[in-house]
Structure formats: structure tokens, C-alpha cells
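Raw contents of structure.cif, mmCIF, C-alpha atoms:
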data_final
loop_
_atom_site.label_atom_id
_atom_site.label_comp_id
_atom_site.auth_asym_id
_atom_site.auth_seq_id
_atom_site.Cartn_x
_atom_site.Cartn_y
_atom_site.Cartn_z
CA MET A 1 34.94 -62.93 -35.52
CA LYS A 2 32.38 -63.23 -32.75
CA ILE A 3 33.72 -60.40 -30.61
CA PHE A 4 33.78 -57.98 -33.55
CA SER A 5 30.10 -58.63 -34.26
CA LYS A 6 29.36 -57.96 -30.63
CA ILE A 7 31.37 -54.73 -30.77
CA ALA A 8 29.43 -53.58 -33.84
CA LEU A 9 26.14 -54.32 -32.11
CA MET A 10 27.20 -52.74 -28.86
CA THR A 11 28.52 -49.63 -30.59
CA GLY A 12 25.10 -49.00 -32.03
CA VAL A 13 23.45 -49.56 -28.68
CA ALA A 14 26.01 -47.38 -26.93
CA ALA A 15 25.23 -44.42 -29.14
CA VAL A 16 21.70 -44.45 -27.76
CA ALA A 17 22.14 -45.72 -24.20
CA PHE A 18 25.26 -43.75 -23.32
CA ALA A 19 23.99 -40.44 -24.66
CA ALA A 20 22.97 -38.25 -21.73
CA THR A 21 19.45 -37.00 -21.52
CA ALA A 22 17.94 -34.43 -19.22
CA GLU A 23 16.07 -37.16 -17.36
CA ALA A 24 18.27 -40.21 -16.95
CA ARG A 25 21.32 -42.06 -18.13
CA THR A 26 21.19 -45.85 -18.31
CA LEU A 27 24.35 -47.90 -17.76
CA ARG A 28 24.45 -51.42 -19.22
CA LEU A 29 26.02 -54.05 -16.95
CA ASN A 30 26.80 -57.49 -18.37
CA HIS A 31 27.55 -60.67 -16.40
CA ASN A 32 27.62 -64.45 -16.93
CA ASN A 33 25.27 -65.70 -14.18
CA PRO A 34 21.56 -66.56 -14.43
CA PRO A 35 18.94 -64.01 -13.30
CA ASP A 36 18.08 -65.95 -10.13
CA HIS A 37 21.71 -65.93 -8.97
CA PRO A 38 22.48 -63.81 -5.86
CA LEU A 39 25.05 -61.84 -7.88
CA HIS A 40 22.39 -60.71 -10.35
CA ILE A 41 20.02 -59.80 -7.53
CA SER A 42 22.73 -57.76 -5.79
CA MET A 43 23.64 -55.88 -8.96
CA GLU A 44 19.98 -55.03 -9.53
CA PHE A 45 19.85 -53.82 -5.92
CA MET A 46 22.85 -51.58 -6.61
CA GLY A 47 21.10 -50.13 -9.66
CA GLU A 48 17.95 -49.43 -7.71
CA ARG A 49 19.89 -47.66 -4.97
CA LEU A 50 21.87 -45.63 -7.52
CA SER A 51 18.63 -44.45 -9.10
CA GLU A 52 17.19 -43.54 -5.71
CA LEU A 53 20.31 -41.71 -4.55
CA THR A 54 20.58 -39.68 -7.78
CA ASP A 55 16.83 -38.95 -8.06
CA GLY A 56 16.65 -40.99 -11.22
CA ALA A 57 19.56 -39.29 -12.98
CA TRP A 58 21.43 -42.62 -13.28
CA ASP A 59 20.11 -46.12 -13.79
CA ILE A 60 21.68 -49.57 -14.34
CA GLN A 61 20.26 -52.19 -16.70
CA VAL A 62 21.63 -55.63 -15.81
CA PHE A 63 22.11 -58.25 -18.55
CA PRO A 64 22.49 -61.85 -17.20
CA ASN A 65 23.74 -65.03 -18.88
CA GLY A 66 26.51 -63.29 -20.85
CA GLN A 67 24.04 -61.69 -23.25
CA LEU A 68 26.60 -59.06 -24.24
CA GLY A 69 29.65 -61.34 -24.22
CA ASN A 70 31.62 -63.57 -21.88
CA GLN A 71 33.64 -62.09 -19.01
CA ARG A 72 36.78 -61.42 -21.00
CA GLU A 73 34.88 -59.95 -23.93
CA SER A 74 32.93 -57.76 -21.52
CA MET A 75 36.11 -56.38 -20.00
CA GLU A 76 37.54 -55.56 -23.42
CA LEU A 77 34.29 -53.79 -24.36
CA VAL A 78 34.39 -51.83 -21.10
CA GLN A 79 37.99 -50.78 -21.73
CA SER A 80 36.99 -49.49 -25.17
CA CYS A 81 33.93 -47.68 -23.73
CA VAL A 82 31.54 -49.71 -25.90
CA LEU A 83 30.03 -51.31 -22.78
CA ASP A 84 29.42 -49.27 -19.62
CA MET A 85 29.82 -51.89 -16.90
CA ALA A 86 30.68 -55.54 -16.37
CA LYS A 87 30.97 -58.11 -13.62
CA SER A 88 34.21 -60.05 -13.64
CA ASN A 89 36.25 -61.45 -10.76
CA ALA A 90 39.67 -60.97 -9.23
CA SER A 91 41.02 -64.08 -10.94
CA GLU A 92 40.33 -62.88 -14.49
CA LEU A 93 41.00 -59.22 -13.70
CA GLU A 94 44.66 -59.83 -12.84
CA ALA A 95 45.24 -60.08 -16.60
CA PHE A 96 43.96 -56.50 -16.92
CA GLU A 97 45.33 -55.03 -13.67
CA PRO A 98 48.09 -56.97 -11.81
CA THR A 99 47.07 -55.55 -8.43
CA TYR A 100 44.19 -58.05 -8.36
CA SER A 101 46.69 -60.93 -8.23
CA ALA A 102 47.14 -60.22 -4.52
CA LEU A 103 43.57 -61.46 -3.91
CA ASN A 104 44.06 -64.73 -5.78
CA LEU A 105 46.58 -66.36 -3.46
CA PRO A 106 45.29 -69.64 -2.01
CA TYR A 107 44.48 -69.56 1.69
CA LEU A 108 45.19 -65.81 1.92
CA PHE A 109 42.03 -64.98 3.88
CA LEU A 110 41.52 -66.68 7.23
CA SER A 111 37.74 -66.28 7.21
CA GLU A 112 34.91 -64.61 5.37
CA ASP A 113 34.92 -61.86 8.02
CA HIS A 114 38.61 -61.23 7.30
CA GLN A 115 37.94 -60.99 3.56
CA PHE A 116 34.84 -58.80 3.90
CA ASP A 117 36.49 -56.31 6.25
CA VAL A 118 39.59 -56.04 4.05
CA LEU A 119 37.65 -55.56 0.80
CA THR A 120 35.14 -53.06 2.20
CA GLY A 121 37.95 -51.01 3.78
CA ASP A 122 40.90 -48.96 2.59
CA ILE A 123 42.75 -51.90 1.02
CA GLY A 124 39.73 -52.84 -1.05
CA GLN A 125 39.22 -49.28 -2.28
CA GLU A 126 42.90 -49.03 -3.18
CA ILE A 127 42.57 -52.11 -5.40
CA LEU A 128 39.35 -50.84 -7.01
CA ASP A 129 41.07 -47.54 -7.84
CA ALA A 130 44.24 -49.15 -9.25
CA SER A 131 42.88 -49.79 -12.73
CA HIS A 132 41.89 -46.30 -13.83
CA ASP A 133 44.89 -46.06 -16.16
CA LYS A 134 43.79 -49.39 -17.70
CA GLY A 135 40.46 -47.97 -18.87
CA PHE A 136 38.14 -48.97 -16.04
CA GLN A 137 37.28 -48.19 -12.42
CA GLY A 138 36.41 -50.86 -9.86
CA VAL A 139 33.06 -50.24 -8.20
CA ALA A 140 32.30 -53.09 -5.81
CA PHE A 141 33.48 -56.46 -4.52
CA LEU A 142 30.73 -59.07 -4.27
CA LEU A 143 31.98 -61.93 -2.12
CA GLU A 144 31.32 -65.52 -3.17
CA GLY A 145 32.79 -67.54 -0.34
CA ALA A 146 35.43 -70.21 -0.84
CA ARG A 147 36.14 -72.21 -4.00
CA SER A 148 36.69 -75.97 -3.88
CA PHE A 149 37.23 -78.82 -6.35
CA TYR A 150 34.44 -80.90 -7.85
CA GLY A 151 34.48 -83.64 -10.45
CA ASN A 152 34.43 -87.36 -11.11
CA LYS A 153 36.32 -88.45 -7.98
CA PRO A 154 36.99 -87.10 -4.46
CA ILE A 155 40.03 -84.86 -3.99
CA ASN A 156 41.30 -85.59 -0.48
CA THR A 157 44.98 -84.71 -1.02
CA PRO A 158 46.97 -82.94 -3.74
CA ALA A 159 48.09 -86.38 -4.93
CA ASP A 160 44.51 -87.07 -6.02
CA LEU A 161 44.82 -84.31 -8.63
CA GLN A 162 47.70 -86.05 -10.43
CA GLY A 163 46.78 -86.62 -14.06
CA MET A 164 43.45 -84.79 -13.77
CA LYS A 165 42.44 -82.12 -16.27
CA VAL A 166 41.06 -79.31 -14.10
CA ARG A 167 39.08 -76.47 -15.63
CA VAL A 168 40.39 -73.10 -14.48
CA GLN A 169 39.64 -69.50 -15.34
CA PRO A 170 42.06 -67.81 -17.76
CA SER A 171 44.12 -66.55 -14.84
CA PRO A 172 47.86 -67.01 -14.24
CA SER A 173 47.21 -67.52 -10.52
CA ALA A 174 44.56 -70.20 -11.07
CA ILE A 175 46.79 -72.01 -13.56
CA ARG A 176 49.82 -71.90 -11.24
CA MET A 177 47.80 -73.10 -8.25
CA VAL A 178 46.57 -76.21 -10.06
CA GLU A 179 50.08 -76.89 -11.36
CA LEU A 180 51.51 -76.78 -7.83
CA LEU A 181 48.76 -79.08 -6.61
CA GLY A 182 49.67 -81.62 -9.30
CA GLY A 183 46.76 -81.22 -11.70
CA SER A 184 46.70 -80.23 -15.36
CA PRO A 185 45.10 -76.74 -15.60
CA THR A 186 42.71 -76.35 -18.52
CA PRO A 187 41.45 -72.79 -19.16
CA LEU A 188 37.86 -72.89 -20.38
CA ALA A 189 34.95 -70.45 -20.61
CA TYR A 190 32.41 -70.93 -17.84
CA GLY A 191 29.55 -71.41 -20.29
CA GLU A 192 31.35 -74.40 -21.83
CA LEU A 193 32.06 -76.18 -18.55
CA TYR A 194 28.86 -78.22 -18.15
CA SER A 195 29.35 -80.03 -21.45
CA ALA A 196 33.11 -80.34 -20.84
CA LEU A 197 32.46 -82.18 -17.56
CA GLN A 198 29.70 -84.23 -19.14
CA GLN A 199 31.86 -85.32 -22.08
CA GLY A 200 35.08 -85.84 -20.09
CA VAL A 201 36.93 -82.97 -21.76
CA VAL A 202 37.90 -82.03 -18.19
CA ASP A 203 37.86 -84.25 -15.12
CA ALA A 204 37.22 -81.57 -12.52
CA ALA A 205 36.61 -77.89 -11.92
CA GLU A 206 36.76 -75.52 -8.98
CA ASN A 207 34.21 -73.00 -7.81
CA ASN A 208 31.93 -72.09 -4.93
CA PRO A 209 28.94 -74.33 -4.07
CA THR A 210 26.38 -72.40 -6.13
CA ALA A 211 28.05 -73.54 -9.37
CA LEU A 212 26.70 -77.02 -8.72
CA THR A 213 23.11 -75.78 -8.41
CA THR A 214 22.51 -72.55 -10.35
CA VAL A 215 24.12 -73.86 -13.55
CA ARG A 216 23.55 -77.52 -12.64
CA HIS A 217 27.15 -78.70 -12.53
CA GLY A 218 26.01 -81.10 -9.81
CA GLU A 219 24.35 -83.10 -12.60
CA VAL A 220 27.75 -83.87 -14.14
CA ALA A 221 29.97 -84.02 -11.02
CA ASP A 222 29.95 -86.84 -8.49
CA TYR A 223 32.04 -85.29 -5.71
CA PHE A 224 32.48 -81.88 -4.11
CA SER A 225 35.69 -81.77 -2.07
CA LEU A 226 35.81 -78.93 0.46
CA ASP A 227 39.45 -77.92 0.34
CA GLU A 228 38.36 -74.24 0.14
CA HIS A 229 41.58 -73.18 -1.58
CA THR A 230 40.68 -69.64 -2.61
CA MET A 231 38.14 -66.93 -1.83
CA ILE A 232 37.84 -65.06 -5.14
CA PRO A 233 35.45 -62.08 -5.08
CA SER A 234 33.42 -60.98 -8.03
CA VAL A 235 34.18 -57.40 -9.06
CA VAL A 236 31.83 -54.91 -10.67
CA VAL A 237 33.65 -52.39 -12.89
CA ILE A 238 32.68 -49.32 -14.90
CA SER A 239 34.34 -47.81 -17.98
CA ASN A 240 36.38 -44.65 -17.58
CA CYS A 241 34.10 -42.95 -20.10
CA ALA A 242 31.07 -43.48 -17.89
CA TRP A 243 32.89 -42.85 -14.59
CA ASP A 244 34.67 -39.69 -15.67
CA SER A 245 31.44 -38.22 -17.03
CA MET A 246 29.88 -38.26 -13.55
CA SER A 247 29.87 -35.32 -11.22
CA ASP A 248 31.62 -35.73 -7.86
CA GLU A 249 28.19 -35.85 -6.25
CA ASP A 250 27.04 -38.67 -8.53
CA LYS A 251 30.28 -40.58 -7.96
CA ALA A 252 29.69 -40.36 -4.21
CA ALA A 253 26.15 -41.66 -4.69
CA PHE A 254 27.47 -44.49 -6.87
CA GLN A 255 30.02 -45.49 -4.22
CA GLN A 256 27.33 -45.42 -1.54
CA ALA A 257 25.10 -47.66 -3.66
CA ALA A 258 28.07 -50.01 -4.19
CA GLN A 259 28.85 -50.19 -0.46
CA GLU A 260 25.22 -50.96 0.32
CA ALA A 261 25.17 -53.62 -2.39
CA MET A 262 28.27 -55.29 -0.92
CA LYS A 263 26.58 -55.56 2.49
CA PHE A 264 23.27 -56.65 0.96
CA HIS A 265 25.03 -59.31 -1.08
CA ARG A 266 26.86 -60.79 1.87
CA GLY A 267 23.62 -61.22 3.78
CA GLN A 268 21.87 -63.05 0.97
CA TRP A 269 25.00 -65.05 0.09
CA ASP A 270 25.21 -66.53 3.59
CA GLU A 271 21.57 -67.60 3.36
CA ILE A 272 21.84 -69.19 -0.08
CA VAL A 273 25.05 -71.15 0.64
CA SER A 274 23.43 -72.86 3.63
CA LYS A 275 20.51 -73.86 1.39
CA THR A 276 22.81 -74.81 -1.50
CA MET A 277 24.79 -77.41 0.44
CA GLY A 278 21.58 -79.32 1.10
CA GLU A 279 20.57 -79.09 -2.56
CA ILE A 280 23.96 -80.43 -3.66
CA GLU A 281 23.49 -83.58 -1.62
CA GLU A 282 19.93 -83.95 -2.95
CA MET A 283 21.41 -83.94 -6.47
CA GLY A 284 23.42 -87.03 -5.52
CA VAL A 285 26.77 -85.26 -5.15
CA THR A 286 28.96 -86.61 -2.35
CA VAL A 287 30.43 -83.80 -0.23
CA ASN A 288 33.74 -84.62 1.46
CA THR A 289 35.85 -82.50 3.81
CA VAL A 290 39.64 -82.59 3.56
CA ASP A 291 42.72 -81.90 5.62
CA LYS A 292 43.81 -78.53 4.22
CA ALA A 293 47.38 -78.67 5.53
CA PRO A 294 48.88 -80.53 2.51
CA PHE A 295 47.13 -78.14 0.12
CA ILE A 296 48.40 -75.09 2.02
CA GLU A 297 51.96 -76.44 1.98
CA ALA A 298 51.86 -77.24 -1.74
CA VAL A 299 50.90 -73.71 -2.82
CA GLN A 300 53.40 -71.79 -0.67
CA PRO A 301 55.73 -71.04 -3.62
CA MET A 302 52.99 -68.82 -5.02
CA TYR A 303 53.44 -66.33 -2.20
CA GLU A 304 57.02 -65.49 -3.07
CA GLU A 305 56.25 -65.56 -6.80
CA VAL A 306 53.30 -63.17 -6.52
CA LYS A 307 55.00 -60.90 -3.99
CA GLY A 308 58.07 -60.83 -6.22
CA SER A 309 56.03 -59.57 -9.16
CA SER A 310 55.94 -56.01 -7.81
CA PRO A 311 56.56 -54.09 -4.56
CA ALA A 312 52.97 -52.82 -4.64
CA VAL A 313 51.52 -56.33 -4.77
CA ALA A 314 53.91 -57.51 -2.05
CA ASP A 315 52.77 -54.64 0.16
CA LEU A 316 49.12 -55.55 -0.37
CA VAL A 317 49.72 -59.19 0.50
CA ASP A 318 51.63 -58.24 3.66
CA ARG A 319 48.88 -55.84 4.76
CA ILE A 320 46.12 -58.39 4.13
CA GLN A 321 48.02 -61.02 6.11
CA ALA A 322 48.69 -58.54 8.93
CA ALA A 323 44.97 -57.77 9.10
CA GLY A 324 44.37 -61.49 9.55
CA ALA A 325 45.89 -61.36 13.02
CA ASP A 326 42.49 -60.19 14.27
CA TYR A 327 40.70 -63.29 12.96
CA SER A 328 40.93 -66.76 14.40
CA ASP A 329 38.37 -68.58 12.21
CA ASN A 330 40.58 -70.58 9.91
#
Structure rendered as C-alpha cells:
Amino acid sequence: MKIFSKIALMTGVAAVAFAATAEARTLRLNHNNPPDHPLHISMEFMGERLSELTDGAWDIQVFPNGQLGNQRESMELVQSCVLDMAKSNASELEAFEPTYSALNLPYLFLSEDHQFDVLTGDIGQEILDASHDKGFQGVAFLLEGARSFYGNKPINTPADLQGMKVRVQPSPSAIRMVELLGGSPTPLAYGELYSALQQGVVDAAENNPTALTTVRHGEVADYFSLDEHTMIPSVVVISNCAWDSMSDEDKAAFQQAAQEAMKFHRGQWDEIVSKTMGEIEEMGVTVNTVDKAPFIEAVQPMYEEVKGSSPAVADLVDRIQAAGADYSDN
């Protein structure tokens, strides 16, 4: 099978790359975005800062475009210590560590400031640390703004999703959200989505605005409907084998590099989204705003379902909502 061939290849590479030398140790980080994407640029920034802070003892080599596997494959390789690092997101990670499900609730964050402050603070670090017994350590949250629907017709109300096949990530939360909104959730790998939209395998998808430009989904979608249902952060993770081999001093340097990368990424993300919205319209995609109230009402059952999954997740949701009292931008 495909993943086993990748594991065989990666095992050979790991024997060389993961072996410590007196000079440097290179960590391989795989992700599914193109090299000009802000996520790739931010992960390279993190690697550069890690090298600087450790005087060259540690380095990160970033592989774009899923060169070492798709997101799920990457996570499985990280868990088995065949791959050092990967970029996934909270939506897919809930299948590996349920704590991440707290971040996938629609309309949980009242603003990007609310989300950024929560995820760069104690709550965010608690979530990153929660997966160590699952074989990996969270390193950084890279925020990607809000996700909205796009496809072959405008989505102004949940009723417009009736009968539509909507591509979702392989995430229980994403599937449940689309079900509650009336659509037919269709899990599909991101790399297959362009052709699926083009050929009518799915009628719509949901993502942040850059999906329409960096991977050209705007060429096969006519409408981008700004319901802004979720704010799903990307998450950079590292295998326990790599993390546990670090000295406390190197771990502190790694966490500093990660914190700086999170701040760096937010700055460049804000700039690119403003530019991206103009590019979307230039591609001929119609952008429509929506009344969010019916969407918010439709997904409310998810809150009790997710909070009922565990006391720890319920506590996280309550604390994130309580922190939202300081933010009025909704």
C-alpha cells in the first residue's frame, strides 16, 4: 500500500537524518501547502529561529506539497517516530487527541484577537501538551482565520446546503457541523479537492480564503459565502522521539522559536488575506456575506455533544467562552 512504501522510504531517511551529530540535527517537517503559502514561510521562519537560538545544534527542513505524505499519513509517521515533525490542524488532530475537539466548535471564537490570545496563552499550551501520551507533542498554533463555504451556488442560509455534497476534512466535528447545517458531508483529501469540484464529485467545500488562490479552487468555484463558521488553527507537532531527545535548554529554545513563529505568522496572515479577497474577485468568484444567526442556531447541539464527550473538553470550552467576555468583535 502507498503508506507502507512511504514508511519504508522514510525509515531509511530517518536513520540518517535523525541520527545526532556533533554539529547539527535536522528535523524533517512535512505539510500539504505550496511553498509560497504563508504557512510554509512561517514554518521556515521557525526553523531559522530554532537554528539561531541553539547555535546551529538543531535545524528544520520543511517539505511542502505533501512530499512525505498527506496530513493523516504524516501524523501516523510522526507517532511511529519515522517522521520528525508535521503540520496538521485542530480538525484532523481530534482523531488523534480528543482535546483538540474543543477548538473545532463553530462560532466558538468571537474574533481573531480572542483566538490568538487563547492559543498563545495557558489554554493553548495545555492543548499542545495533551498529546504526549499519544506519541507527539504540539509545538505551535498557526492561525488561518475563519473558514467559509464555497462552491457552485451561494450559501446564504443553512437551507441552501440541503442536498449539497460538501467536502470536509476527516474530522467528526466537521462532519457533524455539515450534517446539522443540512448538507451531505463528504470526507476527501485536500489534494483531491480541485478535481472533485471540477468534476462535480462534490458541490462545495469549506476553507479560508487562501484556498481559492494558492491552490486555485477559485477556478472551479463560483461563489464564496462568508458565513465564517469555524476558526481552525493549523498545528505544528513533533514526535516524542525527537522531543524527548532534546535537553531542557533546547526545548526552551524550540518553544521560543515557536512563539515567535506564531506572532510572525499572524502578521503575514493579516496582510495576505486582505490581498487574497481582491484576487478572489479577480478570478470571477462572487463573494457574498450572510446573516450568521441561522447558522449559529443550527449548530448549537454540537456544544452539548462536544462538552459531554469528556469533563476536560467541557472545561476547555467553558474557559475559552469565558475568555471571550473581553472581546466584542463578533
Could you give me, as a ChimeraX atom specification, the residues that have an atom at most 12 Å away from the point (51.4, -70.1, -1.8) in the coordinates of the file, using all atoms listed in the file?
/A:102-108,173-174,176-181,229-230,293-307,317
Per residue of range 126-227 of chain A within 12 Å of range 41-59 of chain A, note the shortest atom pair and the distance in Å to one decimal, counting only C-alpha atoms, and order the rows by chain and increasing residue number, as a Markdown table.
| residue | atom | partner | partner_atom | distance |
| --- | --- | --- | --- | --- |
| A:Val139 | CA | A:Met46 | CA | 10.4 |
| A:Ala140 | CA | A:Met46 | CA | 9.6 |
| A:Phe141 | CA | A:Met43 | CA | 10.8 |
| A:Leu142 | CA | A:Ser42 | CA | 8.2 |
| A:Leu143 | CA | A:Ser42 | CA | 10.8 |
| A:Glu144 | CA | A:Ser42 | CA | 11.9 |
Separating CA of Val237 in chain A from CA of Asn32 in chain A, to the nearest tenth of an Å, is a gap of 14.1 Å
Rank A:Met231, A:Asp270, A:Leu188, A:Met246 by their smallest atom-to-atom distance to Ser111 in chain A, using only C-alpha atoms, and report the top residue only.
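Closest to Ser111 in chain A, using only C-alpha atoms: A:Met231.
Put simply, CA of Ala24 in chain A is 28.5 Å away from CA of Asn89 in chain A.
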Which of these, A:Gln199, A:Glu281, A:Asn240, A:Glu219, has the shortest distance to Ser131 in chain A once you count only C-alpha atoms?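 Among the listed residues, the smallest separation from Ser131 in chain A belongs to A:Asn240.
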| message | Which residues are near Gly191 in chain A? Cut-off 12 Å, all atoms listed in the file, ignore same chain within fewer than 3 positions. Put them as number ranges by chain. | response | A: 31-34, 65-67, 69-71, 167, 169, 188, 194-197, 211, 215-217
note - CA of Leu29 in chain A and CA of Val235 in chain A are separated by 11.8 Å
- Task: With a distance cut-off of 10 Å and all atoms listed in the file, select the neighbouring residues of Ala130 in chain A, excluding the residue or stretch itself and same-chain residues fewer than 3 positions from it, and output the selection as a ChimeraX atom specification.
- Result: /A:97-100,125-127,133-134,136-138
Could you work out an axis-aligned box for range 79-87 of chain A, taking every atom the file lists and adding 3 Å on each side, and report centre and edge lengths in Å to one decimal, as JSON?
{"center_x": 33.7, "center_y": -52.9, "center_z": -19.8, "size_x": 14.6, "size_y": 16.4, "size_z": 18.3}
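Note on the selection: in this file the PyMOL selection byres ((chain A and resi 276) around 12) comes out as His37, Pro38, Asn208, Pro209, Thr210, Ala211, Leu212, Thr213, Thr214, Arg216, Gly218, Trp269, Asp270, Glu271, Ile272, Val273, Ser274, Lys275, Met277, Gly278, Glu279, Ile280, Glu281, Glu282, Met283, Val285 and Val287 of chain A.
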